[in-house]
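Notes for the one structure printed next.
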Protein chains: 4
Amino acid sequence: MTGKEFSGIFPYLVTPLDESGSLKEDVLRDLVNHLISKGVHGLTPLGSTGEGAYLDWSRKKRVVEVVVEAAGGRVPVIAGVNNMTTHGAVREAAETERIGADGILVVLPSYFPVNDQQQIVDHFRTVARAVSCPVTLYTNPKFAMWDFTVDTLQQLSEESNIRYLKDASGNIGKLMSIVTALGDRFKIFSATAHVPVFVLMLGGVGWMAGPACLIPEQSIALYELACQKRWEEALELQKKLWPLNVAFHRYSLAACVKAGLEMQGFPVGPPLPPQQQLDEEGKRVVFQILTTIGVP
Amino acid sequence: MTGKEFSGIFPYLVTPLDESGSLKEDVLRDLVNHLISKGVHGLTPLGSTGEGAYLDWSRKKRVVEVVVEAAGGRVPVIAGVNNMTTHGAVREAAETERIGADGILVVLPSYFPVNDQQQIVDHFRTVARAVSCPVTLYTNPKFAMWDFTVDTLQQLSEESNIRYLKDASGNIGKLMSIVTALGDRFKIFSATAHVPVFVLMLGGVGWMAGPACLIPEQSIALYELACQKRWEEALELQKKLWPLNVAFHRYSLAACVKAGLEMQGFPVGPPLPPQQQLDEEGKRVVFQILTTIGVP
Amino acid sequence: MTGKEFSGIFPYLVTPLDESGSLKEDVLRDLVNHLISKGVHGLTPLGSTGEGAYLDWSRKKRVVEVVVEAAGGRVPVIAGVNNMTTHGAVREAAETERIGADGILVVLPSYFPVNDQQQIVDHFRTVARAVSCPVTLYTNPKFAMWDFTVDTLQQLSEESNIRYLKDASGNIGKLMSIVTALGDRFKIFSATAHVPVFVLMLGGVGWMAGPACLIPEQSIALYELACQKRWEEALELQKKLWPLNVAFHRYSLAACVKAGLEMQGFPVGPPLPPQQQLDEEGKRVVFQILTTIGVP
Amino acid sequence: MTGKEFSGIFPYLVTPLDESGSLKEDVLRDLVNHLISKGVHGLTPLGSTGEGAYLDWSRKKRVVEVVVEAAGGRVPVIAGVNNMTTHGAVREAAETERIGADGILVVLPSYFPVNDQQQIVDHFRTVARAVSCPVTLYTNPKFAMWDFTVDTLQQLSEESNIRYLKDASGNIGKLMSIVTALGDRFKIFSATAHVPVFVLMLGGVGWMAGPACLIPEQSIALYELACQKRWEEALELQKKLWPLNVAFHRYSLAACVKAGLEMQGFPVGPPLPPQQQLDEEGKRVVFQILTTIGVP
């Protein structure tokens, strides 16, 4: 399994839930089929957009089962492992691999501040050793208030199956330092719509993001332009897609993607409270932007 | 039950765990008996120090059962309800009351930023309505990156059973505004060792804190000096106890209280990884400070 | 001169300026006489409220001359020295003492971040050695993005004429650490209306602040209650004065004090642009609060 | 004059000063001649690197005179106007144009927080109206704690001579929003070594920066690769130059450029205290990086 290489557009799947918080399995299956039919290169359930931090293991487990089964090997599934404790993350990682995910993406939510790089190394290394599939490191410094240092990444790169970094910092300076220090030992996915073209220019292998649920064709087009080194056209497209993210920063992430999918006919339901649904004004803004981008 | 009034010193109980993360029930019972014998006025399991955000419900439920049973009505138990979703918090709150807690303390951990006061009102109000016992509001702005506004507190004070605020901001200016705006509708517990004397001068009713596990007699002495309006002596004592908190800021909270209790003969075990145990240097510092304060 | 002790209420004087930015000397003299007649214990021109950072030396020099002359030895004058460079601050400090100020208050404005405690020690020590009068250390962490550490204060306390700290942090924990570490080597003035009573309880010697220009009698009353150890009455008064500061946080400091003085009949003019004058709504709020406090 | 177009590499000149703080005019002339001989497209004295915020007007005026005279029309000079008050900035701007600068770059240092976009619009507009030459807007959000919003830039773009934005945010998302909203009304210079290639891809016209004093040839090469749309080669070069900036973030900006120029034989002296000179370790690091980049 470790030999498999991941690249391209991996939408961060939302987790469709009804008002009582139960998983809407059929809607999730439809979404998987829809995105694969649009040509995405992989699927990432249970990331930030997937409300991975807000769900208990029984629902998360079911999400992985449904996505792996619905994907049916057509595209790889990299499932989020999102647990505040190392014990819990190890258990979920092992189960996730057993269910059939092709890789895991490890996120560390927290309550007390995470302020020690050794603590970070220990957590991610321990989780990586619980599986044999490729591991993608992920943190969002805006949510988690910490980020990997280059030195921490260097230590973690010594684990043979830690092979990917999903970068949500969008910090190009840091990415240059990482690429210079780590060369090929890490492949980088962009996580933010600020900079996918630049991450790809720096040698990045793809773009993992929530908005790709709503604009899979445009995201794929951007990736393909980058593969063909048609950088200026890729950047034009990135600029065109950018307003969607401006809206997403004003509202919350899962709320926005879920609202957009509802508009596209996927009854994915609201985000789990206390997250708030998009209000009417928010829906109008998202609808208008999607229309401008040319999404039906 | 709503008629009961809480006041005085409420230690934030640690959650004794073995290396595999299982609850050490006997140690918890011993700790409860020890603190009651020292004269504390109540007990608060599953707060920040109790690692409430890191434990699953089965362990948290057992913590509440053990503490309620061990306290046996000798002092009131205000148990933490600490869940990222409103659904989850409602369930835990109702169960906690059913087990016999005298009150609940509601904390809102999060992954996405909490940036809307309406969202905050909705969450705490919904949880409060799930119980009939008194509710204590709590947030730690250092951990959670948000704080209650005076206006939010005013809205929440309209719920008949939201009756206490545990203030971790230590922001005296804001406390003056709260006291002026809300008068008697909220009783305030200090949560930080910076300012318990000043909170008590402002009309606060007590001090809820992790360090009281280690220094219950001194904490009670401070409270009693304040009750007798011997403010200068109370402040002298606060200054003497302060270095313990300086150490606690350098290391992590649960790690420090757990290390101190181990020194006092309570084998409460380490905090849940990725939280780190106190290193040897940290233990030495905590030991030295406890000795200076006069704790055996 | 070093033998003189400062204590009590030191209003931070505004700098009266006309629309072209010229000093209104007569208004400044009137203000000095007014405040002395109200009983203030000293005067502090050219602090933050005095726009010390925004004025060139020729105007600052004239401010010191006018205030020293108008005070005429009735109360001590501690003048602000506010210059981005050590060379400049040394020159201004020496001149300020030569003109006849009884002490200086040293502030360090900056453009590049100040991020090294050695740099801070060097600056304040060099300035202190340029004078023989008592030196008050001051920084406002909200404006300057840095604060003195306890260790830095300890180093600076070795200079024989660095004798006072004007604390704008309002951080009671830190103040307890300072008082414990430095004992009598530093006398502390409170700079913020959050906590003057508590600073005085901790051994502080006074309150230096902009609002005392508007409410000198109330500020003095608070100080006197504290001297008589009537702590609860002092705190009641602090709570009553607090709303004025809430307004001041919403608008800018010099703008608020200048607007309030205009209401009291002192034509001190607007703050220097790009600082903005209080708008009509702001003036209404300040007027209402002053009326509630009982200021004519 | 307004018809002139600026583009390319504009080094931020340091201000050579001796130990007493006096301008070393000959060294400044030598530096100007050196950089022009290397092919730079313009010169920017009195920016951040030029310690514009730390100098009084008499020295700043002399800097402008020396640079304008030494440049002798060979390349345009865009001089920094760096004054905390609008009155002061207006005076300096007019004088700077009168001396013969081809453009001005307006920076707003501050003491009180700048927290109102109207205040920002008023300041920059008033300064722009005091001159007829092209105006470059500049703020460094890391130093100044504020940034232009897209809406503020839109208001400012209505002034006919506000024509350039030097972006120090390196925030690609915001730059995409600016370029989309303002099109050709603003030309953008990159101010940071994180992202010059990407700014140029987005339509930017050049790179203004302190490091170009030390690596003019490499900076020009990067710019020329971008002009020829050889984006991947340009990015390779950007990555190679990046470590110099990593060092610059660890130490302070003027200190680093000054130390590097001393190594290259320009006795520019130390930065004005309390800024600190590079220590031996810092000099070693900068020397090593320059050597790696291939600078003699």
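Scheme for the structure tokens: letters A, B, ... for chains in order shown; per-chain residue numbers from 1; ligand numbers from 1 in order shown.
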Sorted by chain and rising residue number, list the residues of chain B at most 12 Å from chain C (counting only C-alpha atoms), each with its closest atom pair and distance in Å to one decimal, as JSON lines.
```
{"residue": "B:Ser169", "atom": "CA", "partner": "C:Asn171", "partner_atom": "CA", "distance": 11.0}
{"residue": "B:Gly170", "atom": "CA", "partner": "C:Ile172", "partner_atom": "CA", "distance": 8.6}
{"residue": "B:Asn171", "atom": "CA", "partner": "C:His194", "partner_atom": "CA", "distance": 8.1}
{"residue": "B:Ile172", "atom": "CA", "partner": "C:His194", "partner_atom": "CA", "distance": 5.9}
{"residue": "B:Gly173", "atom": "CA", "partner": "C:His194", "partner_atom": "CA", "distance": 4.6}
{"residue": "B:Lys174", "atom": "CA", "partner": "C:His194", "partner_atom": "CA", "distance": 8.4}
{"residue": "B:Leu175", "atom": "CA", "partner": "C:His194", "partner_atom": "CA", "distance": 9.4}
{"residue": "B:Met176", "atom": "CA", "partner": "C:Lys239", "partner_atom": "CA", "distance": 5.9}
{"residue": "B:Ser177", "atom": "CA", "partner": "C:Pro243", "partner_atom": "CA", "distance": 7.7}
{"residue": "B:Ile178", "atom": "CA", "partner": "C:Lys239", "partner_atom": "CA", "distance": 10.6}
{"residue": "B:Val179", "atom": "CA", "partner": "C:Lys239", "partner_atom": "CA", "distance": 9.0}
{"residue": "B:Thr180", "atom": "CA", "partner": "C:Lys239", "partner_atom": "CA", "distance": 7.7}
{"residue": "B:Ala181", "atom": "CA", "partner": "C:Pro243", "partner_atom": "CA", "distance": 11.0}
{"residue": "B:Thr192", "atom": "CA", "partner": "C:Gly173", "partner_atom": "CA", "distance": 9.5}
{"residue": "B:Ala193", "atom": "CA", "partner": "C:Gly173", "partner_atom": "CA", "distance": 7.8}
{"residue": "B:His194", "atom": "CA", "partner": "C:Gly173", "partner_atom": "CA", "distance": 4.6}
{"residue": "B:Val195", "atom": "CA", "partner": "C:Ile172", "partner_atom": "CA", "distance": 6.9}
{"residue": "B:Pro196", "atom": "CA", "partner": "C:Ile172", "partner_atom": "CA", "distance": 10.6}
{"residue": "B:Val197", "atom": "CA", "partner": "C:Phe198", "partner_atom": "CA", "distance": 9.5}
{"residue": "B:Phe198", "atom": "CA", "partner": "C:Phe198", "partner_atom": "CA", "distance": 7.3}
{"residue": "B:Val199", "atom": "CA", "partner": "C:Phe198", "partner_atom": "CA", "distance": 10.8}
{"residue": "B:Leu200", "atom": "CA", "partner": "C:Glu232", "partner_atom": "CA", "distance": 10.8}
{"residue": "B:Met201", "atom": "CA", "partner": "C:Glu232", "partner_atom": "CA", "distance": 7.1}
{"residue": "B:Leu202", "atom": "CA", "partner": "C:Leu235", "partner_atom": "CA", "distance": 7.7}
{"residue": "B:Gly203", "atom": "CA", "partner": "C:Glu232", "partner_atom": "CA", "distance": 10.3}
{"residue": "B:Ala226", "atom": "CA", "partner": "C:Glu232", "partner_atom": "CA", "distance": 11.5}
{"residue": "B:Lys229", "atom": "CA", "partner": "C:Glu232", "partner_atom": "CA", "distance": 8.8}
{"residue": "B:Arg230", "atom": "CA", "partner": "C:Trp231", "partner_atom": "CA", "distance": 10.0}
{"residue": "B:Trp231", "atom": "CA", "partner": "C:Trp231", "partner_atom": "CA", "distance": 7.8}
{"residue": "B:Glu232", "atom": "CA", "partner": "C:Met201", "partner_atom": "CA", "distance": 7.0}
{"residue": "B:Glu233", "atom": "CA", "partner": "C:Met201", "partner_atom": "CA", "distance": 10.5}
{"residue": "B:Ala234", "atom": "CA", "partner": "C:Met201", "partner_atom": "CA", "distance": 10.7}
{"residue": "B:Leu235", "atom": "CA", "partner": "C:Leu202", "partner_atom": "CA", "distance": 7.7}
{"residue": "B:Glu236", "atom": "CA", "partner": "C:Leu202", "partner_atom": "CA", "distance": 8.6}
{"residue": "B:Leu237", "atom": "CA", "partner": "C:Met176", "partner_atom": "CA", "distance": 11.1}
{"residue": "B:Gln238", "atom": "CA", "partner": "C:Met176", "partner_atom": "CA", "distance": 8.8}
{"residue": "B:Lys239", "atom": "CA", "partner": "C:Met176", "partner_atom": "CA", "distance": 5.9}
{"residue": "B:Lys240", "atom": "CA", "partner": "C:Thr180", "partner_atom": "CA", "distance": 8.7}
{"residue": "B:Leu241", "atom": "CA", "partner": "C:Met176", "partner_atom": "CA", "distance": 10.2}
{"residue": "B:Trp242", "atom": "CA", "partner": "C:Gly173", "partner_atom": "CA", "distance": 7.3}
{"residue": "B:Pro243", "atom": "CA", "partner": "C:Ser177", "partner_atom": "CA", "distance": 7.7}
{"residue": "B:Leu244", "atom": "CA", "partner": "C:Ser177", "partner_atom": "CA", "distance": 11.2}
{"residue": "B:Asn245", "atom": "CA", "partner": "C:Gly173", "partner_atom": "CA", "distance": 8.8}
{"residue": "B:Val246", "atom": "CA", "partner": "C:Gly173", "partner_atom": "CA", "distance": 8.3}
{"residue": "B:Ala247", "atom": "CA", "partner": "C:Ser177", "partner_atom": "CA", "distance": 11.8}
{"residue": "B:His249", "atom": "CA", "partner": "C:Gly173", "partner_atom": "CA", "distance": 11.1}
```
Inset, instruction - Tell me which protein, DNA and RNA residues are within 6 Å of stretch 38-41 of chain A, counting only C-alpha atoms, leaving out same-chain ones fewer than 2 positions away, and put them as a PyMOL selection string. - result: chain A and resi 8-10+35-36+75
Legend entry - Shell around D:Ile162 at 8 Å using only C-alpha atoms, local window under 3 positions removed, as JSON, numbers by chain: {"D": [128, 134, 135, 136, 137, 156, 157, 158, 159, 186]}
Find the spatial neighbours of C:Lys283, counting only C-alpha atoms, within a cut-off of 9 Å - ignore same-chain residues fewer than 5 positions away - and output them as an mmCIF file with C-alpha atoms, in the first residue's frame.
```
data_model
loop_
_atom_site.group_PDB
_atom_site.id
_atom_site.type_symbol
_atom_site.label_atom_id
_atom_site.label_comp_id
_atom_site.auth_asym_id
_atom_site.auth_seq_id
_atom_site.Cartn_x
_atom_site.Cartn_y
_atom_site.Cartn_z
ATOM 1 C CA CYS C 256 -11.537 61.417 24.743
ATOM 2 C CA ALA C 259 -13.253 66.221 24.266
ATOM 3 C CA GLY C 260 -14.076 65.976 27.976
ATOM 4 C CA MET C 263 -16.931 70.169 27.790
ATOM 5 C CA LEU C 278 -14.495 62.345 19.031
ATOM 6 C CA GLN C 288 -23.436 61.372 29.869
#
```
Legend entry - Those in stretch 131-246 of chain A with strand (DSSP E or B) from DSSP, as a PyMOL selection string: chain A and resi 135-139+162-167+187-190+206-209
Inset, instruction - Would you mind telling me which residue in A:Asn161, A:Thr44, A:Thr291, A:Thr126 lies nearest to A:Ala71 when using only C-alpha atoms? - result: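 Smallest distance to A:Ala71 is found for A:Thr44.
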Legend entry - Within 10 Å of A:Gln117 using only C-alpha atoms, minus same-chain residues under 6 positions, as number ranges by chain: A: 123, 146-149, 151-153
Inset, instruction - For atom CA of A:Ala53 and atom CA of A:Asn82, quote the distance in Å rounded to one decimal. - result: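 Going from atom CA of A:Ala53 over to atom CA of A:Asn82, I get 5.7 Å.
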Inset, instruction - If you run DSSP over the backbone, which residues in stretch 242-273 of chain C end up helix (DSSP H, G or I)? Put them as a PyMOL selection string. - result: chain C and resi 242-250+253-263
Residues from the last selection, N, CA and C atoms, saved as a PDB file, in the first residue's frame:
```
ATOM      1  N   TRP C 242     -15.400  53.519  36.521  1.00  0.00           N
ATOM      2  CA  TRP C 242     -14.999  52.611  35.449  1.00  0.00           C
ATOM      3  C   TRP C 242     -15.644  52.889  34.089  1.00  0.00           C
ATOM      4  N   PRO C 243     -16.962  53.219  34.025  1.00  0.00           N
ATOM      5  CA  PRO C 243     -17.581  53.432  32.709  1.00  0.00           C
ATOM      6  C   PRO C 243     -16.869  54.485  31.860  1.00  0.00           C
ATOM      7  N   LEU C 244     -16.235  55.450  32.498  1.00  0.00           N
ATOM      8  CA  LEU C 244     -15.491  56.453  31.738  1.00  0.00           C
ATOM      9  C   LEU C 244     -14.395  55.778  30.909  1.00  0.00           C
ATOM     10  N   ASN C 245     -13.769  54.790  31.527  1.00  0.00           N
ATOM     11  CA  ASN C 245     -12.724  54.082  30.795  1.00  0.00           C
ATOM     12  C   ASN C 245     -13.250  53.172  29.727  1.00  0.00           C
ATOM     13  N   VAL C 246     -14.422  52.621  29.940  1.00  0.00           N
ATOM     14  CA  VAL C 246     -15.026  51.797  28.887  1.00  0.00           C
ATOM     15  C   VAL C 246     -15.215  52.659  27.643  1.00  0.00           C
ATOM     16  N   ALA C 247     -15.699  53.880  27.838  1.00  0.00           N
ATOM     17  CA  ALA C 247     -15.853  54.800  26.699  1.00  0.00           C
ATOM     18  C   ALA C 247     -14.495  55.090  26.074  1.00  0.00           C
ATOM     19  N   PHE C 248     -13.486  55.282  26.912  1.00  0.00           N
ATOM     20  CA  PHE C 248     -12.154  55.627  26.412  1.00  0.00           C
ATOM     21  C   PHE C 248     -11.555  54.496  25.587  1.00  0.00           C
ATOM     22  N   HIS C 249     -11.960  53.271  25.871  1.00  0.00           N
ATOM     23  CA  HIS C 249     -11.422  52.181  25.063  1.00  0.00           C
ATOM     24  C   HIS C 249     -12.088  52.134  23.701  1.00  0.00           C
ATOM     25  N   ARG C 250     -13.345  52.616  23.665  1.00  0.00           N
ATOM     26  CA  ARG C 250     -14.043  52.581  22.389  1.00  0.00           C
ATOM     27  C   ARG C 250     -13.492  53.656  21.458  1.00  0.00           C
ATOM     28  N   LEU C 253      -7.604  57.653  23.223  1.00  0.00           N
ATOM     29  CA  LEU C 253      -7.364  58.209  24.545  1.00  0.00           C
ATOM     30  C   LEU C 253      -7.264  59.735  24.550  1.00  0.00           C
ATOM     31  N   ALA C 254      -6.344  60.290  23.756  1.00  0.00           N
ATOM     32  CA  ALA C 254      -6.167  61.743  23.743  1.00  0.00           C
ATOM     33  C   ALA C 254      -7.456  62.415  23.264  1.00  0.00           C
ATOM     34  N   ALA C 255      -8.110  61.793  22.280  1.00  0.00           N
ATOM     35  CA  ALA C 255      -9.358  62.355  21.750  1.00  0.00           C
ATOM     36  C   ALA C 255     -10.413  62.453  22.850  1.00  0.00           C
ATOM     37  N   CYS C 256     -10.521  61.439  23.690  1.00  0.00           N
ATOM     38  CA  CYS C 256     -11.537  61.417  24.743  1.00  0.00           C
ATOM     39  C   CYS C 256     -11.249  62.455  25.816  1.00  0.00           C
ATOM     40  N   VAL C 257     -10.014  62.494  26.293  1.00  0.00           N
ATOM     41  CA  VAL C 257      -9.709  63.439  27.360  1.00  0.00           C
ATOM     42  C   VAL C 257      -9.848  64.866  26.836  1.00  0.00           C
ATOM     43  N   LYS C 258      -9.400  65.098  25.601  1.00  0.00           N
ATOM     44  CA  LYS C 258      -9.532  66.447  25.033  1.00  0.00           C
ATOM     45  C   LYS C 258     -11.006  66.836  24.883  1.00  0.00           C
ATOM     46  N   ALA C 259     -11.825  65.909  24.420  1.00  0.00           N
ATOM     47  CA  ALA C 259     -13.253  66.221  24.266  1.00  0.00           C
ATOM     48  C   ALA C 259     -13.871  66.528  25.626  1.00  0.00           C
ATOM     49  N   GLY C 260     -13.519  65.746  26.638  1.00  0.00           N
ATOM     50  CA  GLY C 260     -14.076  65.976  27.976  1.00  0.00           C
ATOM     51  C   GLY C 260     -13.648  67.316  28.546  1.00  0.00           C
ATOM     52  N   LEU C 261     -12.398  67.696  28.315  1.00  0.00           N
ATOM     53  CA  LEU C 261     -11.928  68.991  28.814  1.00  0.00           C
ATOM     54  C   LEU C 261     -12.616  70.142  28.090  1.00  0.00           C
ATOM     55  N   GLU C 262     -12.858  69.988  26.797  1.00  0.00           N
ATOM     56  CA  GLU C 262     -13.613  71.019  26.072  1.00  0.00           C
ATOM     57  C   GLU C 262     -14.974  71.221  26.740  1.00  0.00           C
ATOM     58  N   MET C 263     -15.626  70.077  27.107  1.00  0.00           N
ATOM     59  CA  MET C 263     -16.931  70.169  27.790  1.00  0.00           C
ATOM     60  C   MET C 263     -16.820  70.919  29.111  1.00  0.00           C
TER      61      MET C 263
END
```
Inset, instruction - Excluding stretch 206-210 of chain D and residues on its chain fewer than 2 positions from it, collect all residues at most 6 Å away from it, counting only C-alpha atoms, and give them as a list of chain:residue names. - result: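 Once the adjacent positions are removed, what remains is D:Ser7, D:Gly8, D:Ile9, D:Phe10, D:Pro11, D:Tyr12, D:Thr49, D:Phe189, D:Ser190, D:Ala191, D:Gly204, D:Ala212, D:Cys213.
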Could you turn the residues from that selection into a file that holds N, CA and C atoms, as a compact mmCIF listing (two decimals), in the first residue's frame?
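This went into out-v7.txt:
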```txt
# COMPACT_ATOMS: atom_id res chain seq x y z
N SER D 7 9.01 50.72 -12.53
CA SER D 7 8.96 49.25 -12.52
C SER D 7 10.35 48.70 -12.29
N GLY D 8 10.38 47.44 -11.90
CA GLY D 8 11.67 46.77 -11.72
C GLY D 8 12.12 46.69 -10.27
N ILE D 9 13.44 46.65 -10.10
CA ILE D 9 14.04 46.47 -8.78
C ILE D 9 14.42 47.82 -8.17
N PHE D 10 13.81 48.13 -7.05
CA PHE D 10 14.11 49.35 -6.31
C PHE D 10 14.67 48.96 -4.94
N PRO D 11 15.99 48.98 -4.76
CA PRO D 11 16.51 48.64 -3.43
C PRO D 11 16.06 49.69 -2.41
N TYR D 12 15.71 49.21 -1.26
CA TYR D 12 15.46 50.06 -0.10
C TYR D 12 16.82 50.44 0.45
N THR D 49 13.81 49.92 5.90
CA THR D 49 15.23 49.60 5.98
C THR D 49 16.08 50.86 6.14
N PHE D 189 4.03 46.73 -6.26
CA PHE D 189 5.40 46.27 -6.01
C PHE D 189 5.35 45.25 -4.87
N SER D 190 6.08 44.19 -5.01
CA SER D 190 6.23 43.25 -3.90
C SER D 190 7.23 43.85 -2.92
N ALA D 191 6.98 43.65 -1.62
CA ALA D 191 7.93 44.15 -0.64
C ALA D 191 8.58 43.01 0.11
N GLY D 204 2.09 42.34 -10.97
CA GLY D 204 2.92 43.31 -10.26
C GLY D 204 4.02 43.84 -11.18
N ALA D 212 17.76 43.83 -1.73
CA ALA D 212 18.32 44.18 -3.04
C ALA D 212 19.56 45.06 -2.92
N CYS D 213 19.78 45.69 -1.76
CA CYS D 213 21.05 46.39 -1.54
C CYS D 213 22.22 45.41 -1.59
```
Inset, instruction - Rank C:Asn33, C:Ser252, C:Gly183, C:Phe124 by their smallest atom-to-atom distance to C:Pro271, using only C-alpha atoms, and report the top residue only. - result: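 Going through C:Asn33, C:Ser252, C:Gly183, C:Phe124 one by one, the smallest distance to C:Pro271 is for C:Ser252.
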Legend entry - Between atom CA of D:Thr96 and atom CA of D:Asp167 - distance in Å to one decimal: 22.2 Å
Legend entry - One-decimal distance in Å that lies between atom CA of A:Tyr54 and atom CA of A:Cys133: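 Straight-line distance from atom CA of A:Cys133 to atom CA of A:Tyr54 works out to 24.5 Å.
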